[in-house]
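Below is the file work01.cif, which contains mmCIF, C-alpha atoms and all ligand atoms.
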data_coords
loop_
_atom_site.label_atom_id
_atom_site.label_comp_id
_atom_site.auth_asym_id
_atom_site.auth_seq_id
_atom_site.Cartn_x
_atom_site.Cartn_y
_atom_site.Cartn_z
CA MET A 1 65.83 -193.97 -68.42
CA ASN A 2 65.84 -190.33 -67.31
CA GLU A 3 62.68 -189.14 -68.95
CA GLN A 4 61.55 -185.52 -68.53
CA ILE A 5 58.17 -185.34 -66.87
CA GLU A 6 55.78 -182.44 -66.99
CA GLN A 7 54.30 -182.42 -63.52
CA TYR A 8 53.37 -185.21 -61.13
CA ALA A 9 50.42 -184.79 -58.77
CA PRO A 10 50.49 -186.99 -55.66
CA SER A 11 47.22 -187.67 -53.87
CA LYS A 12 47.81 -190.55 -51.41
CA LEU A 13 51.13 -190.42 -49.62
CA LEU A 14 52.89 -192.92 -47.39
CA VAL A 15 55.48 -191.03 -45.32
CA THR A 16 58.02 -193.26 -43.58
CA GLY A 17 59.68 -191.77 -40.49
CA GLY A 18 56.91 -189.16 -40.26
CA ALA A 19 57.15 -189.02 -36.45
CA GLY A 20 60.79 -187.89 -36.59
CA PHE A 21 62.18 -184.38 -36.98
CA ILE A 22 62.07 -183.72 -40.74
CA GLY A 23 59.27 -186.21 -41.44
CA ALA A 24 56.91 -184.58 -38.92
CA ASN A 25 57.63 -181.12 -40.32
CA PHE A 26 56.98 -182.56 -43.80
CA VAL A 27 53.58 -183.97 -42.74
CA HIS A 28 52.53 -180.61 -41.24
CA TYR A 29 53.75 -178.81 -44.36
CA TRP A 30 51.96 -181.21 -46.71
CA LEU A 31 48.59 -181.22 -44.96
CA ASP A 32 48.68 -177.41 -44.69
CA THR A 33 49.66 -176.96 -48.34
CA TYR A 34 47.58 -179.75 -49.94
CA PRO A 35 44.58 -180.32 -47.62
CA GLN A 36 42.87 -182.53 -50.21
CA ASP A 37 45.68 -185.14 -50.08
CA ARG A 38 45.69 -188.20 -47.84
CA VAL A 39 48.82 -188.71 -45.70
CA ILE A 40 49.62 -191.97 -43.92
CA VAL A 41 52.63 -192.02 -41.63
CA LEU A 42 54.51 -195.27 -41.06
CA ASP A 43 56.92 -195.02 -38.15
CA ALA A 44 58.45 -197.54 -35.75
CA LEU A 45 58.62 -194.92 -32.96
CA THR A 46 62.26 -195.53 -32.08
CA TYR A 47 63.88 -193.25 -29.49
CA ALA A 48 63.84 -190.52 -32.21
CA GLY A 49 60.19 -190.92 -33.18
CA ASN A 50 57.52 -189.13 -31.20
CA ARG A 51 53.79 -189.23 -31.77
CA ALA A 52 53.54 -185.83 -30.06
CA ASN A 53 55.29 -184.34 -33.12
CA LEU A 54 52.08 -185.09 -35.04
CA ALA A 55 49.60 -184.00 -32.37
CA GLY A 56 48.30 -181.18 -34.58
CA CYS A 57 47.33 -183.68 -37.34
CA GLU A 58 45.59 -186.35 -35.28
CA SER A 59 42.08 -184.90 -35.70
CA ASN A 60 42.51 -184.38 -39.47
CA PRO A 61 40.49 -187.07 -41.32
CA GLN A 62 43.07 -187.01 -44.14
CA PHE A 63 45.79 -188.18 -41.71
CA GLN A 64 46.49 -191.66 -40.36
CA PHE A 65 49.29 -193.02 -38.20
CA VAL A 66 50.55 -196.60 -38.45
CA GLN A 67 53.18 -197.90 -36.07
CA GLY A 68 55.44 -200.33 -37.90
CA ASP A 69 58.90 -201.13 -39.20
CA ILE A 70 60.06 -200.36 -42.74
CA CYS A 71 61.83 -203.76 -42.71
CA ASP A 72 58.39 -205.43 -42.63
CA THR A 73 57.87 -205.89 -46.40
CA GLY A 74 54.48 -207.56 -45.91
CA LEU A 75 53.16 -204.59 -43.96
CA ILE A 76 54.40 -202.14 -46.61
CA GLU A 77 52.81 -204.15 -49.43
CA LYS A 78 49.51 -204.24 -47.55
CA LEU A 79 49.58 -200.48 -46.90
CA LEU A 80 50.44 -199.65 -50.52
CA GLN A 81 47.69 -201.95 -51.76
CA ASP A 82 44.88 -201.35 -49.26
CA GLU A 83 45.37 -197.59 -49.09
CA GLN A 84 45.97 -197.22 -52.85
CA ILE A 85 49.13 -195.21 -52.12
CA ASP A 86 50.61 -193.46 -55.17
CA THR A 87 53.56 -191.68 -53.52
CA LEU A 88 56.05 -192.95 -50.97
CA VAL A 89 58.25 -190.36 -49.27
CA HIS A 90 61.01 -192.14 -47.40
CA PHE A 91 62.47 -190.35 -44.36
CA ALA A 92 62.74 -193.27 -41.91
CA ALA A 93 66.34 -193.84 -40.85
CA GLU A 94 68.76 -194.05 -38.02
CA SER A 95 70.10 -190.52 -38.44
CA HIS A 96 72.72 -189.66 -35.79
CA VAL A 97 76.38 -189.98 -36.80
CA ASP A 98 77.64 -190.41 -33.22
CA ARG A 99 75.22 -193.28 -32.58
CA SER A 100 76.43 -194.95 -35.79
CA ILE A 101 79.97 -194.83 -34.40
CA HIS A 102 78.93 -196.48 -31.13
CA GLY A 103 76.56 -199.03 -32.74
CA PRO A 104 76.46 -199.37 -36.53
CA ASP A 105 74.16 -202.45 -36.70
CA ALA A 106 70.86 -200.58 -36.43
CA PHE A 107 72.02 -198.30 -39.27
CA ILE A 108 72.66 -201.25 -41.57
CA GLU A 109 69.31 -202.79 -40.69
CA THR A 110 67.08 -199.73 -41.02
CA ASN A 111 68.90 -197.64 -43.60
CA ILE A 112 69.93 -200.41 -45.99
CA THR A 113 67.67 -203.43 -45.37
CA GLY A 114 64.70 -201.17 -44.56
CA THR A 115 65.09 -199.14 -47.74
CA HIS A 116 65.39 -202.34 -49.74
CA SER A 117 62.26 -203.72 -48.15
CA LEU A 118 60.35 -200.58 -49.23
CA LEU A 119 61.73 -200.85 -52.77
CA LYS A 120 60.74 -204.52 -53.01
CA ALA A 121 57.20 -203.78 -51.83
CA ALA A 122 56.89 -200.79 -54.17
CA LYS A 123 58.06 -202.85 -57.15
CA LYS A 124 55.65 -205.67 -56.34
CA VAL A 125 52.58 -203.48 -55.85
CA TRP A 126 53.25 -200.70 -58.36
CA LEU A 127 55.10 -202.44 -61.18
CA ASP A 128 54.32 -206.17 -61.00
CA GLY A 129 50.71 -205.30 -60.11
CA GLY A 130 50.08 -203.67 -63.49
CA GLY A 131 52.04 -200.42 -63.71
CA MET A 132 50.15 -197.96 -61.52
CA LYS A 133 50.91 -194.22 -61.42
CA HIS A 134 53.49 -193.91 -58.66
CA ARG A 135 56.49 -192.09 -57.22
CA PHE A 136 59.16 -193.14 -54.68
CA HIS A 137 61.08 -190.21 -53.22
CA HIS A 138 64.16 -191.11 -51.19
CA VAL A 139 65.43 -188.58 -48.64
CA SER A 140 69.20 -188.72 -48.32
CA THR A 141 72.10 -186.66 -47.10
CA ASP A 142 75.11 -184.70 -48.30
CA GLU A 143 77.30 -186.91 -46.05
CA VAL A 144 77.41 -189.54 -48.84
CA TYR A 145 79.94 -187.30 -50.63
CA GLY A 146 82.44 -187.43 -47.76
CA THR A 147 84.30 -184.35 -46.58
CA LEU A 148 85.63 -181.10 -48.10
CA ALA A 149 88.68 -178.97 -47.40
CA VAL A 150 87.96 -175.30 -46.68
CA ASN A 151 88.60 -174.14 -50.24
CA ASP A 152 87.11 -177.10 -52.14
CA PRO A 153 84.10 -176.47 -54.36
CA ALA A 154 80.79 -177.47 -52.76
CA PHE A 155 79.24 -180.94 -53.33
CA ALA A 156 77.57 -181.27 -56.73
CA GLU A 157 75.43 -184.25 -57.79
CA THR A 158 78.34 -185.40 -59.96
CA ASN A 159 80.73 -185.75 -57.00
CA GLN A 160 82.00 -189.24 -56.32
CA TYR A 161 80.45 -190.97 -53.29
CA ALA A 162 82.98 -191.20 -50.41
CA PRO A 163 81.01 -191.80 -47.19
CA ASN A 164 83.11 -191.70 -44.02
CA SER A 165 80.89 -192.74 -41.10
CA PRO A 166 78.81 -195.91 -40.76
CA TYR A 167 75.74 -193.63 -40.98
CA ALA A 168 76.93 -192.02 -44.23
CA ALA A 169 77.90 -195.41 -45.69
CA SER A 170 74.47 -196.83 -44.90
CA LYS A 171 72.76 -193.84 -46.55
CA ALA A 172 75.07 -194.15 -49.58
CA SER A 173 74.12 -197.84 -49.90
CA SER A 174 70.44 -196.96 -49.77
CA ASP A 175 70.92 -194.33 -52.50
CA HIS A 176 72.52 -196.99 -54.72
CA LEU A 177 69.64 -199.40 -54.14
CA VAL A 178 67.11 -196.72 -55.08
CA ARG A 179 69.09 -195.94 -58.23
CA ALA A 180 69.31 -199.64 -59.12
CA TYR A 181 65.53 -200.19 -58.77
CA HIS A 182 65.01 -197.35 -61.24
CA HIS A 183 67.64 -198.48 -63.70
CA THR A 184 66.81 -202.20 -63.59
CA TYR A 185 63.07 -202.30 -63.02
CA GLY A 186 61.90 -198.82 -64.04
CA LEU A 187 60.60 -197.87 -60.58
CA GLN A 188 59.81 -194.13 -60.72
CA VAL A 189 62.22 -192.73 -58.18
CA THR A 190 63.80 -189.42 -57.22
CA THR A 191 66.44 -188.78 -54.53
CA SER A 192 67.42 -185.65 -52.62
CA ASN A 193 70.74 -185.16 -50.78
CA CYS A 194 70.36 -182.39 -48.25
CA SER A 195 72.66 -180.51 -45.90
CA ASN A 196 72.17 -180.05 -42.12
CA ASN A 197 68.61 -179.18 -41.13
CA TYR A 198 67.46 -177.22 -38.10
CA GLY A 199 64.03 -176.18 -36.77
CA PRO A 200 61.15 -177.39 -34.58
CA TYR A 201 60.96 -181.01 -33.30
CA GLN A 202 64.69 -181.76 -33.79
CA PHE A 203 65.79 -184.35 -31.26
CA PRO A 204 68.21 -182.75 -28.75
CA GLU A 205 71.07 -185.11 -29.56
CA LYS A 206 71.86 -182.90 -32.59
CA LEU A 207 74.01 -179.79 -32.20
CA ILE A 208 71.50 -176.91 -32.31
CA PRO A 209 68.75 -178.24 -29.99
CA LEU A 210 71.40 -179.77 -27.69
CA VAL A 211 73.03 -176.37 -27.25
CA ILE A 212 69.71 -174.58 -26.67
CA ALA A 213 68.57 -177.09 -24.01
CA ASN A 214 71.96 -177.20 -22.28
CA ILE A 215 72.18 -173.40 -22.02
CA LEU A 216 68.72 -173.22 -20.47
CA ASP A 217 69.71 -175.91 -17.94
CA GLY A 218 73.21 -174.53 -17.29
CA LYS A 219 74.97 -177.65 -18.65
CA PRO A 220 78.25 -177.76 -20.61
CA LEU A 221 78.11 -177.09 -24.38
CA PRO A 222 80.33 -179.90 -25.77
CA ILE A 223 82.37 -178.81 -28.81
CA TYR A 224 84.12 -181.67 -30.60
CA GLY A 225 87.82 -181.10 -31.39
CA ASP A 226 88.68 -177.51 -32.33
CA GLY A 227 85.09 -176.59 -33.28
CA LYS A 228 86.20 -175.38 -36.71
CA GLN A 229 84.26 -178.02 -38.65
CA ILE A 230 81.84 -176.47 -41.13
CA ARG A 231 78.21 -177.36 -41.88
CA ASP A 232 75.73 -175.81 -44.35
CA TRP A 233 72.51 -175.18 -42.40
CA LEU A 234 69.01 -175.20 -43.89
CA TYR A 235 65.69 -174.49 -42.18
CA VAL A 236 63.62 -177.69 -42.20
CA ASP A 237 60.64 -176.23 -44.12
CA ASP A 238 63.01 -175.19 -46.91
CA HIS A 239 64.18 -178.81 -47.16
CA ASN A 240 60.57 -179.95 -47.37
CA ARG A 241 59.71 -177.36 -50.01
CA GLY A 242 62.61 -178.74 -52.05
CA ILE A 243 61.30 -182.31 -51.67
CA ASP A 244 57.84 -181.14 -52.77
CA LEU A 245 59.31 -179.55 -55.92
CA ILE A 246 61.31 -182.68 -56.75
CA ILE A 247 58.29 -184.96 -56.33
CA ARG A 248 56.17 -182.75 -58.58
CA LYS A 249 58.67 -181.62 -61.17
CA GLY A 250 61.90 -183.60 -60.76
CA ARG A 251 63.23 -185.84 -63.50
CA LEU A 252 62.85 -189.55 -62.82
CA GLY A 253 65.98 -191.37 -61.69
CA GLU A 254 67.71 -188.07 -60.85
CA THR A 255 69.27 -186.89 -57.62
CA TYR A 256 69.04 -183.27 -56.47
CA ASN A 257 71.21 -181.62 -53.82
CA ILE A 258 69.38 -179.26 -51.45
CA GLY A 259 71.30 -176.73 -49.35
CA GLY A 260 71.13 -173.36 -47.73
CA ASN A 261 74.24 -171.54 -48.99
CA ASN A 262 74.77 -171.01 -45.31
CA GLU A 263 78.12 -172.33 -44.04
CA TRP A 264 79.04 -171.94 -40.38
CA THR A 265 81.80 -173.32 -38.20
CA ASN A 266 80.39 -175.19 -35.20
CA ILE A 267 82.00 -172.83 -32.73
CA ASP A 268 80.51 -169.76 -34.44
CA ILE A 269 77.04 -171.25 -34.51
CA VAL A 270 77.26 -172.15 -30.81
CA LYS A 271 78.45 -168.60 -29.98
CA LEU A 272 75.57 -167.15 -32.01
CA ILE A 273 73.01 -169.21 -30.07
CA CYS A 274 74.69 -168.11 -26.81
CA GLN A 275 74.41 -164.48 -27.82
CA LEU A 276 70.77 -164.75 -28.92
CA LEU A 277 69.78 -166.45 -25.66
CA ASP A 278 71.72 -163.88 -23.58
CA GLU A 279 69.66 -161.21 -25.35
CA ARG A 280 66.42 -163.05 -24.49
CA PHE A 281 67.38 -163.13 -20.81
CA GLU A 282 68.14 -159.40 -20.89
CA ALA A 283 64.87 -158.56 -22.62
CA ASP A 284 62.55 -160.80 -20.59
CA ALA A 285 62.72 -160.94 -16.78
CA THR A 286 60.56 -164.11 -16.62
CA MET A 287 63.36 -166.11 -18.32
CA GLN A 288 65.33 -166.17 -15.05
CA GLU A 289 62.36 -167.64 -13.15
CA ARG A 290 61.70 -170.21 -15.88
CA PHE A 291 65.32 -171.36 -16.15
CA PRO A 292 66.86 -171.02 -12.68
CA HIS A 293 69.95 -173.11 -13.57
CA SER A 294 70.91 -171.00 -16.59
CA PRO A 295 74.26 -169.16 -16.38
CA GLN A 296 72.48 -165.83 -16.89
CA VAL A 297 70.87 -166.21 -13.46
CA ALA A 298 74.39 -166.29 -11.98
CA GLY A 299 75.33 -163.19 -13.99
CA ARG A 300 77.38 -165.12 -16.56
CA GLY A 301 76.91 -165.27 -20.32
CA ALA A 302 76.03 -168.57 -22.03
CA GLU A 303 79.49 -168.75 -23.65
CA SER A 304 80.88 -169.60 -20.20
CA LEU A 305 79.40 -173.10 -20.73
CA ILE A 306 81.46 -173.84 -23.88
CA THR A 307 83.58 -176.94 -23.25
CA PHE A 308 85.96 -178.45 -25.80
CA VAL A 309 85.74 -182.26 -25.72
CA LYS A 310 87.36 -185.21 -27.51
CA ASP A 311 86.71 -185.11 -31.25
CA ARG A 312 84.19 -187.38 -33.04
CA LEU A 313 85.99 -190.35 -34.64
CA GLY A 314 86.51 -189.80 -38.37
CA HIS A 315 84.90 -186.35 -38.06
CA ASP A 316 84.15 -184.81 -41.49
CA ARG A 317 85.68 -181.35 -41.69
CA ARG A 318 83.33 -179.54 -44.01
CA TYR A 319 80.04 -180.03 -45.87
CA ALA A 320 78.72 -177.55 -48.42
CA ILE A 321 76.04 -177.92 -51.08
CA ASP A 322 76.11 -176.69 -54.65
CA ALA A 323 72.36 -176.25 -55.21
CA ARG A 324 72.54 -175.02 -58.79
CA LYS A 325 70.79 -178.08 -60.25
CA ILE A 326 67.60 -177.83 -58.17
CA SER A 327 67.58 -174.08 -58.44
CA GLY A 328 68.19 -174.03 -62.24
CA GLU A 329 65.89 -176.94 -63.16
CA LEU A 330 63.10 -176.56 -60.62
CA GLY A 331 63.35 -172.90 -59.56
CA TYR A 332 64.24 -173.77 -55.95
CA ASP A 333 65.44 -171.14 -53.48
CA PRO A 334 65.31 -171.29 -49.67
CA VAL A 335 62.83 -168.74 -48.32
CA GLU A 336 64.12 -168.63 -44.73
CA SER A 337 67.26 -166.63 -43.97
CA PHE A 338 69.47 -167.98 -41.20
CA GLU A 339 68.66 -164.90 -39.13
CA THR A 340 64.88 -165.60 -39.27
CA GLY A 341 65.21 -169.39 -39.14
CA ILE A 342 67.36 -169.53 -36.03
CA ARG A 343 65.11 -167.04 -34.20
CA LYS A 344 62.02 -169.10 -35.09
CA THR A 345 63.82 -172.20 -33.83
CA LEU A 346 64.77 -170.55 -30.51
CA ASP A 347 61.16 -169.37 -30.10
CA TRP A 348 59.90 -172.90 -30.71
CA TYR A 349 62.20 -174.46 -28.09
CA LEU A 350 61.32 -171.74 -25.58
CA ASP A 351 57.59 -172.24 -26.23
CA ASN A 352 57.84 -176.05 -26.12
CA GLU A 353 59.90 -176.71 -23.01
CA ALA A 354 57.62 -179.64 -22.05
CA TRP A 355 58.38 -181.31 -25.41
CA TRP A 356 62.15 -181.32 -25.02
CA ARG A 357 62.09 -182.14 -21.33
CA ALA A 358 59.93 -185.20 -22.09
CA VAL A 359 62.32 -186.55 -24.74
CA MET A 360 65.44 -185.95 -22.62
CA ASP A 361 64.38 -188.91 -20.49
CA GLY A 362 66.12 -192.00 -19.11
CA SER A 363 67.34 -193.43 -22.42
CA TYR A 364 68.53 -189.96 -23.47
CA GLN A 365 70.57 -189.66 -20.28
CA GLU A 366 72.08 -193.07 -20.99
CA TRP A 367 73.10 -191.85 -24.46
CA VAL A 368 74.70 -188.72 -22.98
CA GLY A 369 76.71 -190.98 -20.66
CA THR A 370 77.80 -193.22 -23.54
CA ASN A 371 78.80 -190.42 -25.88
CA TYR A 372 80.26 -187.73 -23.65
CA ASP A 373 81.72 -189.41 -20.55
P1 LIG B 1 65.12 -188.56 -37.01
O1 LIG B 1 66.12 -189.47 -36.39
O2 LIG B 1 64.67 -187.35 -36.29
O3 LIG B 1 63.80 -189.40 -37.35
C1 LIG B 1 63.83 -190.69 -37.92
C2 LIG B 1 62.43 -191.29 -37.83
O4 LIG B 1 62.47 -192.59 -38.43
C3 LIG B 1 61.95 -191.50 -36.38
O5 LIG B 1 60.61 -191.09 -36.27
C4 LIG B 1 62.05 -193.00 -36.16
O6 LIG B 1 61.11 -193.51 -35.26
C5 LIG B 1 61.82 -193.51 -37.58
N1 LIG B 1 62.40 -194.85 -37.80
C6 LIG B 1 63.66 -195.25 -37.49
N2 LIG B 1 63.82 -196.55 -37.81
C7 LIG B 1 62.65 -196.97 -38.35
C8 LIG B 1 62.20 -198.20 -38.90
N3 LIG B 1 62.99 -199.28 -38.94
N4 LIG B 1 60.94 -198.27 -39.39
C9 LIG B 1 60.11 -197.19 -39.34
N5 LIG B 1 60.49 -196.00 -38.81
C10 LIG B 1 61.74 -195.88 -38.33
O7 LIG B 1 65.71 -188.21 -38.43
P2 LIG B 1 65.62 -186.83 -39.27
O8 LIG B 1 66.70 -185.93 -38.82
O9 LIG B 1 64.23 -186.37 -39.29
O10 LIG B 1 66.05 -187.38 -40.72
C11 LIG B 1 65.06 -187.88 -41.61
C12 LIG B 1 65.73 -188.31 -42.90
O11 LIG B 1 66.42 -187.21 -43.48
C13 LIG B 1 66.80 -189.39 -42.70
O12 LIG B 1 66.69 -190.30 -43.77
C14 LIG B 1 68.12 -188.64 -42.74
O13 LIG B 1 69.14 -189.46 -43.22
C15 LIG B 1 67.78 -187.54 -43.71
N6 LIG B 1 68.54 -186.28 -43.55
C16 LIG B 1 68.59 -185.66 -42.33
C17 LIG B 1 69.25 -184.43 -42.21
C18 LIG B 1 69.32 -183.70 -40.89
O14 LIG B 1 70.02 -182.69 -40.80
N7 LIG B 1 68.64 -184.12 -39.86
C19 LIG B 1 69.86 -183.85 -43.34
C20 LIG B 1 69.80 -184.53 -44.56
C21 LIG B 1 69.10 -185.73 -44.65
O1 LIG B 2 74.69 -183.10 -43.34
C1 LIG B 2 73.48 -183.74 -43.13
C2 LIG B 2 73.54 -184.50 -41.83
O2 LIG B 2 73.48 -183.54 -40.79
C3 LIG B 2 72.40 -185.51 -41.68
O3 LIG B 2 72.51 -186.50 -42.66
C4 LIG B 2 72.42 -186.16 -40.29
O4 LIG B 2 71.29 -186.99 -40.13
C5 LIG B 2 72.38 -185.05 -39.26
O5 LIG B 2 72.47 -185.60 -37.96
C6 LIG B 2 73.51 -184.04 -39.48
O6 LIG B 2 74.79 -184.67 -39.21
P1 LIG B 2 75.94 -183.90 -38.38
O7 LIG B 2 76.83 -184.91 -37.78
O8 LIG B 2 76.54 -182.82 -39.20
O9 LIG B 2 75.00 -183.18 -37.26
P2 LIG B 2 75.19 -182.98 -35.68
O10 LIG B 2 74.12 -182.04 -35.24
O11 LIG B 2 75.33 -184.28 -34.98
O12 LIG B 2 76.59 -182.23 -35.59
C7 LIG B 2 76.81 -181.00 -36.25
C8 LIG B 2 78.27 -180.63 -36.03
O13 LIG B 2 78.45 -180.33 -34.65
C9 LIG B 2 79.24 -181.76 -36.36
O14 LIG B 2 80.43 -181.21 -36.91
C10 LIG B 2 79.55 -182.37 -34.99
C11 LIG B 2 79.44 -181.18 -34.06
N1 LIG B 2 78.98 -181.51 -32.69
C12 LIG B 2 77.84 -182.23 -32.55
C13 LIG B 2 77.39 -182.59 -31.30
C14 LIG B 2 76.13 -183.41 -31.13
C15 LIG B 2 79.69 -181.06 -31.58
O15 LIG B 2 80.75 -180.37 -31.73
N2 LIG B 2 79.25 -181.40 -30.34
C16 LIG B 2 78.14 -182.17 -30.15
O16 LIG B 2 77.79 -182.46 -28.98
#
Here is the file; what I need is its structure written in the form of structure tokens.
Amino acid sequence: MNEQIEQYAPSKLLVTGGAGFIGANFVHYWLDTYPQDRVIVLDALTYAGNRANLAGCESNPQFQFVQGDICDTGLIEKLLQDEQIDTLVHFAAESHVDRSIHGPDAFIETNITGTHSLLKAAKKVWLDGGGMKHRFHHVSTDEVYGTLAVNDPAFAETNQYAPNSPYAASKASSDHLVRAYHHTYGLQVTTSNCSNNYGPYQFPEKLIPLVIANILDGKPLPIYGDGKQIRDWLYVDDHNRGIDLIIRKGRLGETYNIGGNNEWTNIDIVKLICQLLDERFEADATMQERFPHSPQVAGRGAESLITFVKDRLGHDRRYAIDARKISGELGYDPVESFETGIRKTLDWYLDNEAWWRAVMDGSYQEWVGTNYD
């Protein structure tokens, strides 16, 4: 089934989860890079989805936003049919590991049932409807491979699946469904399994934006367990460039790991952000006026906020990606170094204070109470 294809050219895309962190960055990237393409976003606008993430696209005639649930097969069929969609890029998911520990049901519903509903609709419209040109790209995670010890080789596509959290298990299930629709029905699919992303529009429940916002507001920086867990960080545009390459040049039915060759312990990454923000306060006197509760105003460094808290249940120790397949087959390489990527990210959060204050609202405060108290 794994035929080699020359080059696929999308023209009408349906992007699920396009109002979330990676999806919104993908939509901006795609419309900037391929202005002739049509991009329709389907998003349920859960707590993690935010129409403001797409504000820059709203006046573009090539862009359309549809509020809806990926579990609604009828709606998906209608969109694929009426809009003559040829490419579905599937980001929509419940994505936060800690929330999956407190409440797994939504993860089963969206990540498994929702993905299956998209596959069913795609099969009906694209295959049963006469075999149209099409592509279904499924965005998944390295967490499906489980956890690594410090000296283990990084995750390759051939690693056995061993998901440890309800989130990871739901993503693993969705990967299997995507694979099965290719193998059984011939749906033209590709899958990517990526490491931890960071960059603009990331919801501040995730480590990097949480730490930035908490430093600026003088709140504790919660470090789970000993803080020595390791993640492989990738700037979000580099993830999206990898997805673009896979859609255009990837082999059908294949999975590709995407990663940054950029492993950090949590405690080191938090200390780095502390140091970079301390430098900003030293260099720019207006920072103290803008962020009166920050520790720098009281003459303390941001590291003084570091607080070790109870560990995440079942916490995976280390993730690392072996990206040789995507780099060898498709010529992929991240363009952003961590040094440039993290500075861009800090700049974005400093320039978009209104954005993160607006999303850290009532329901966010409830989540903080549930997870950290
Ligand atoms: P996110 O939580 O920021 O955004 C998810 C989006 O999906 C939101 O806009 C939300 O409203 C939407 N959504 C949720 N349920 C929906 C439903 N039932 N129907 C329609 N829309 C729905 O997530 P993210 O961090 O941008 O992750 C996007 C994808 O990338 C996910 O599939 C995730 O598993 C995967 N991924 C994320 C990372 C990462 O580091 N964030 C790394 C690898 C892979
Ligand atoms: O690896 C890819 C995955 O990366 C994606 O599939 C997930 O959608 C994404 O959320 C991310 O999962 P993590 O659990 O690795 O990301 P998070 O930002 O939640 O946590 C990063 C590390 O920091 C992890 O080891 C847990 C730790 N952490 C996190 C939070 C929120 C803390 O120590 N304290 C915290 O408050």
Subject >> Environment of ligand LIG 1 (chain B) within 6 Å, counting all atoms listed in the file, reported as number ranges by chain >> reply: A: 17-23, 43-46, 48-49, 68-71, 91-95, 110, 139-141, 194-197, 203
Note to self: Between A:Gln229, A:Thr370, A:Ser170, A:Ser294, which residue has the minimum interatomic distance to Gly114 in chain A, considering all atoms listed in the file?
What the structure shows: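 Smallest distance to Gly114 in chain A is found for A:Ser170.
What separates CA of Ile247 in chain A from CA of Tyr161 in chain A is a distance of 23.2 Å.
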Counting only C-alpha atoms and all ligand atoms, what are the residues, protein, DNA or RNA alike, that approach ligand LIG 2 (chain B) to within 6 Å? I want them as a PyMOL selection string. chain A and resi 95-97+141-143+195-196+205-207+222-224+227+229+266
Give me, as a Markdown table, the closest atom pair and its distance (Å, one decimal) for every residue of range 285-358 of chain A within a cut-off of 8 Å of range 238-244 of chain A, counting all atoms listed in the file, rows sorted by chain and rising number.
| residue | atom | partner | partner_atom | distance |
| --- | --- | --- | --- | --- |
| A:Ile326 | CA | A:Gly242 | CA | 7.9 |
| A:Tyr332 | CA | A:Gly242 | CA | 6.5 |
| A:Pro334 | CA | A:Asp238 | CA | 5.3 |
| A:Val335 | CA | A:Asp238 | CA | 6.6 |
| A:Glu336 | CA | A:Asp238 | CA | 7.0 |
Exercise. So, counting only C-alpha atoms, which residue among A:Glu366, A:Ile267, A:Gly199, A:Ser174 is closest to Phe107 in chain A?
Worked result: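 Smallest separation from Phe107 in chain A among the options: A:Ser174.
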* To do: Would you please work out which residue, of A:Ala154, A:Ala358, A:Leu245, A:Asp232, is nearest to Thr265 in chain A when using only C-alpha atoms?
  =>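 Nearest candidate to Thr265 in chain A out of A:Ala154, A:Ala358, A:Leu245, A:Asp232: A:Asp232.
Taking CA of Phe281 in chain A and CA of Thr345 in chain A as endpoints, the distance between them is 16.3 Å.
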Range 184-193 of chain A environment, 10 Å, all atoms listed in the file, sequence neighbours closer than 4 positions dropped, as a tab-separated table (two decimals) with C-alpha atoms, in the coordinates of the input:
chain	number	residue	atom	x	y	z
A	1	MET	CA	65.83	-193.97	-68.42
A	2	ASN	CA	65.84	-190.33	-67.31
A	87	THR	CA	53.56	-191.68	-53.52
A	88	LEU	CA	56.05	-192.95	-50.97
A	89	VAL	CA	58.25	-190.36	-49.27
A	90	HIS	CA	61.01	-192.14	-47.40
A	119	LEU	CA	61.73	-200.85	-52.77
A	122	ALA	CA	56.89	-200.79	-54.17
A	123	LYS	CA	58.06	-202.85	-57.15
A	126	TRP	CA	53.25	-200.70	-58.36
A	127	LEU	CA	55.10	-202.44	-61.18
A	128	ASP	CA	54.32	-206.17	-61.00
A	131	GLY	CA	52.04	-200.42	-63.71
A	133	LYS	CA	50.91	-194.22	-61.42
A	134	HIS	CA	53.49	-193.91	-58.66
A	135	ARG	CA	56.49	-192.09	-57.22
A	136	PHE	CA	59.16	-193.14	-54.68
A	137	HIS	CA	61.08	-190.21	-53.22
A	138	HIS	CA	64.16	-191.11	-51.19
A	139	VAL	CA	65.43	-188.58	-48.64
A	140	SER	CA	69.20	-188.72	-48.32
A	141	THR	CA	72.10	-186.66	-47.10
A	142	ASP	CA	75.11	-184.70	-48.30
A	143	GLU	CA	77.30	-186.91	-46.05
A	144	VAL	CA	77.41	-189.54	-48.84
A	145	TYR	CA	79.94	-187.30	-50.63
A	155	PHE	CA	79.24	-180.94	-53.33
A	156	ALA	CA	77.57	-181.27	-56.73
A	157	GLU	CA	75.43	-184.25	-57.79
A	171	LYS	CA	72.76	-193.84	-46.55
A	175	ASP	CA	70.92	-194.33	-52.50
A	178	VAL	CA	67.11	-196.72	-55.08
A	179	ARG	CA	69.09	-195.94	-58.23
A	180	ALA	CA	69.31	-199.64	-59.12
A	239	HIS	CA	64.18	-178.81	-47.16
A	242	GLY	CA	62.61	-178.74	-52.05
A	243	ILE	CA	61.30	-182.31	-51.67
A	246	ILE	CA	61.31	-182.68	-56.75
A	247	ILE	CA	58.29	-184.96	-56.33
A	250	GLY	CA	61.90	-183.60	-60.76
A	251	ARG	CA	63.23	-185.84	-63.50
A	252	LEU	CA	62.85	-189.55	-62.82
A	253	GLY	CA	65.98	-191.37	-61.69
A	254	GLU	CA	67.71	-188.07	-60.85
A	255	THR	CA	69.27	-186.89	-57.62
A	256	TYR	CA	69.04	-183.27	-56.47
A	257	ASN	CA	71.21	-181.62	-53.82
A	258	ILE	CA	69.38	-179.26	-51.45
A	259	GLY	CA	71.30	-176.73	-49.35
A	321	ILE	CA	76.04	-177.92	-51.08
A	326	ILE	CA	67.60	-177.83	-58.17
